[in-house]
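First comes the structure, then the notes that go with it.
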Amino acid sequence: MELRVDRERCIGAGMCVLTAPGVFDQDIADGRVVPLDRTPAPEREPAVREAAEVCPSGAITIVSGD
């Protein structure tokens, strides 16, 4: 699994941080998403997928490594 994040599209809602805090953070200056781990471990996959689904702006894309 690889993450792609579009910071320009992000609206700073923070749903990703609440859903997968070890993978996402928010920039203190503008509130936009900051990926902490672009290739998260398999055990984090369910939370990362949920974070992408609940993102109101669609700023998170998951690229499958399969």
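Naming works like this for the structure tokens: A, B, ... for the chains as they're shown, residue 1 at the start of each chain, ligands 1 onward in shown order.
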Surrounding residues of Val17 of chain A excluding itself and chain neighbours under 2 positions, 12 Å, only C-alpha atoms, as number ranges by chain:
A: 12-15, 19-27, 31-36, 47-48, 50-52, 54-55, 60
Two-atom distance - atom CA of Arg38 of chain A, atom CA of Ser64 of chain A (Å):
11.9 Å
Can you list, as a PyMOL selection string, every protein, DNA or RNA residue that comes within 8 Å of Pro40 of chain A when you count only C-alpha atoms, leaving out same-chain residues fewer than 5 positions away?
chain A and resi 1-2+23+45
For Arg9 of chain A, the closest of A:Asp37, A:Ala59, A:Pro46, A:Ala29 counting only C-alpha atoms is A:Ala59
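Comparing the minimum interatomic distances between Cys10 of chain A and each of A:Asp30, A:Glu53, A:Glu43, A:Val63, counting only C-alpha atoms, we find that A:Asp30 sits nearest.
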Using DSSP on the backbone coordinates, identify the residues of chain A assigned to strand (DSSP E or B); present them as a list in words.
Glu2, Leu3, Arg4, Val5, Phe24, Asp25, Gln26, Val33, Val34, Pro35, Ile60, Thr61, Ile62 and Val63 of chain A
For the residues in that selection, give me all heavy atoms as a compact mmCIF listing (two decimals), in the first residue's frame.
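Output (part.txt):
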```txt
# COMPACT_ATOMS: atom_id res chain seq x y z
N GLU A 2 0.55 2.18 -0.86
CA GLU A 2 1.24 3.46 -0.91
C GLU A 2 0.19 4.56 -0.88
O GLU A 2 -0.87 4.45 -1.49
CB GLU A 2 2.07 3.57 -2.20
CG GLU A 2 2.80 4.88 -2.32
CD GLU A 2 3.52 5.02 -3.65
OE1 GLU A 2 3.76 4.00 -4.33
OE2 GLU A 2 3.82 6.16 -4.01
N LEU A 3 0.49 5.63 -0.15
CA LEU A 3 -0.43 6.76 -0.04
C LEU A 3 0.01 7.90 -0.94
O LEU A 3 1.19 8.19 -1.05
CB LEU A 3 -0.46 7.28 1.39
CG LEU A 3 -0.96 6.35 2.45
CD1 LEU A 3 -0.82 7.01 3.81
CD2 LEU A 3 -2.38 5.96 2.19
N ARG A 4 -0.97 8.54 -1.51
CA ARG A 4 -0.74 9.79 -2.23
C ARG A 4 -1.67 10.82 -1.61
O ARG A 4 -2.85 10.54 -1.37
CB ARG A 4 -1.00 9.63 -3.72
CG ARG A 4 -0.01 8.69 -4.34
CD ARG A 4 -0.05 8.72 -5.83
NE ARG A 4 0.90 7.71 -6.33
CZ ARG A 4 0.72 7.02 -7.41
NH1 ARG A 4 -0.35 7.23 -8.15
NH2 ARG A 4 1.61 6.14 -7.80
N VAL A 5 -1.14 11.98 -1.33
CA VAL A 5 -1.90 13.03 -0.66
C VAL A 5 -1.83 14.29 -1.50
O VAL A 5 -0.76 14.72 -1.90
CB VAL A 5 -1.32 13.29 0.75
CG1 VAL A 5 -2.02 14.44 1.42
CG2 VAL A 5 -1.41 12.04 1.61
N PHE A 24 -1.12 9.98 9.58
CA PHE A 24 -1.39 11.35 9.13
C PHE A 24 -1.25 12.34 10.28
O PHE A 24 -1.47 12.00 11.44
CB PHE A 24 -2.83 11.45 8.60
CG PHE A 24 -3.13 10.54 7.46
CD1 PHE A 24 -3.83 9.37 7.65
CD2 PHE A 24 -2.71 10.85 6.17
CE1 PHE A 24 -4.12 8.51 6.60
CE2 PHE A 24 -2.98 9.99 5.12
CZ PHE A 24 -3.69 8.83 5.33
N ASP A 25 -0.90 13.56 9.93
CA ASP A 25 -0.89 14.67 10.87
C ASP A 25 -1.39 15.89 10.11
O ASP A 25 -1.67 15.81 8.92
CB ASP A 25 0.53 14.91 11.40
CG ASP A 25 0.55 15.69 12.71
OD1 ASP A 25 -0.53 16.13 13.17
OD2 ASP A 25 1.64 15.85 13.27
N GLN A 26 -1.51 17.00 10.81
CA GLN A 26 -1.91 18.25 10.16
C GLN A 26 -0.83 19.28 10.33
O GLN A 26 -0.22 19.39 11.40
CB GLN A 26 -3.21 18.78 10.77
CG GLN A 26 -4.43 18.01 10.32
CD GLN A 26 -5.70 18.56 10.94
OE1 GLN A 26 -5.96 18.30 12.10
NE2 GLN A 26 -6.47 19.29 10.16
N VAL A 33 -3.33 18.24 5.54
CA VAL A 33 -2.77 16.93 5.82
C VAL A 33 -1.27 16.86 5.56
O VAL A 33 -0.76 17.46 4.61
CB VAL A 33 -3.51 15.83 5.01
CG1 VAL A 33 -3.32 16.01 3.52
CG2 VAL A 33 -3.08 14.44 5.45
N VAL A 34 -0.60 16.13 6.45
CA VAL A 34 0.81 15.83 6.30
C VAL A 34 0.96 14.32 6.47
O VAL A 34 0.63 13.79 7.54
CB VAL A 34 1.67 16.55 7.37
CG1 VAL A 34 3.13 16.13 7.27
CG2 VAL A 34 1.52 18.05 7.27
N PRO A 35 1.39 13.62 5.44
CA PRO A 35 1.59 12.18 5.59
C PRO A 35 2.84 11.90 6.42
O PRO A 35 3.90 12.45 6.15
CB PRO A 35 1.75 11.67 4.15
CG PRO A 35 2.24 12.86 3.40
CD PRO A 35 1.68 14.07 4.09
N ILE A 60 -6.93 12.04 -0.21
CA ILE A 60 -6.08 10.88 0.04
C ILE A 60 -6.40 9.79 -0.97
O ILE A 60 -7.55 9.40 -1.14
CB ILE A 60 -6.31 10.33 1.46
CG1 ILE A 60 -6.01 11.41 2.50
CG2 ILE A 60 -5.48 9.07 1.70
CD1 ILE A 60 -6.48 11.06 3.89
N THR A 61 -5.36 9.30 -1.63
CA THR A 61 -5.50 8.22 -2.59
C THR A 61 -4.62 7.07 -2.15
O THR A 61 -3.47 7.28 -1.74
CB THR A 61 -5.07 8.68 -4.00
OG1 THR A 61 -5.82 9.82 -4.37
CG2 THR A 61 -5.27 7.58 -5.02
N ILE A 62 -5.16 5.85 -2.23
CA ILE A 62 -4.40 4.66 -1.89
C ILE A 62 -4.06 3.93 -3.18
O ILE A 62 -4.92 3.65 -4.00
CB ILE A 62 -5.21 3.74 -0.98
CG1 ILE A 62 -5.50 4.45 0.35
CG2 ILE A 62 -4.49 2.43 -0.74
CD1 ILE A 62 -6.44 3.71 1.25
N VAL A 63 -2.78 3.62 -3.32
CA VAL A 63 -2.30 2.85 -4.46
C VAL A 63 -1.93 1.48 -3.91
O VAL A 63 -1.08 1.36 -3.04
CB VAL A 63 -1.08 3.51 -5.12
CG1 VAL A 63 -0.59 2.69 -6.29
CG2 VAL A 63 -1.42 4.93 -5.55
```
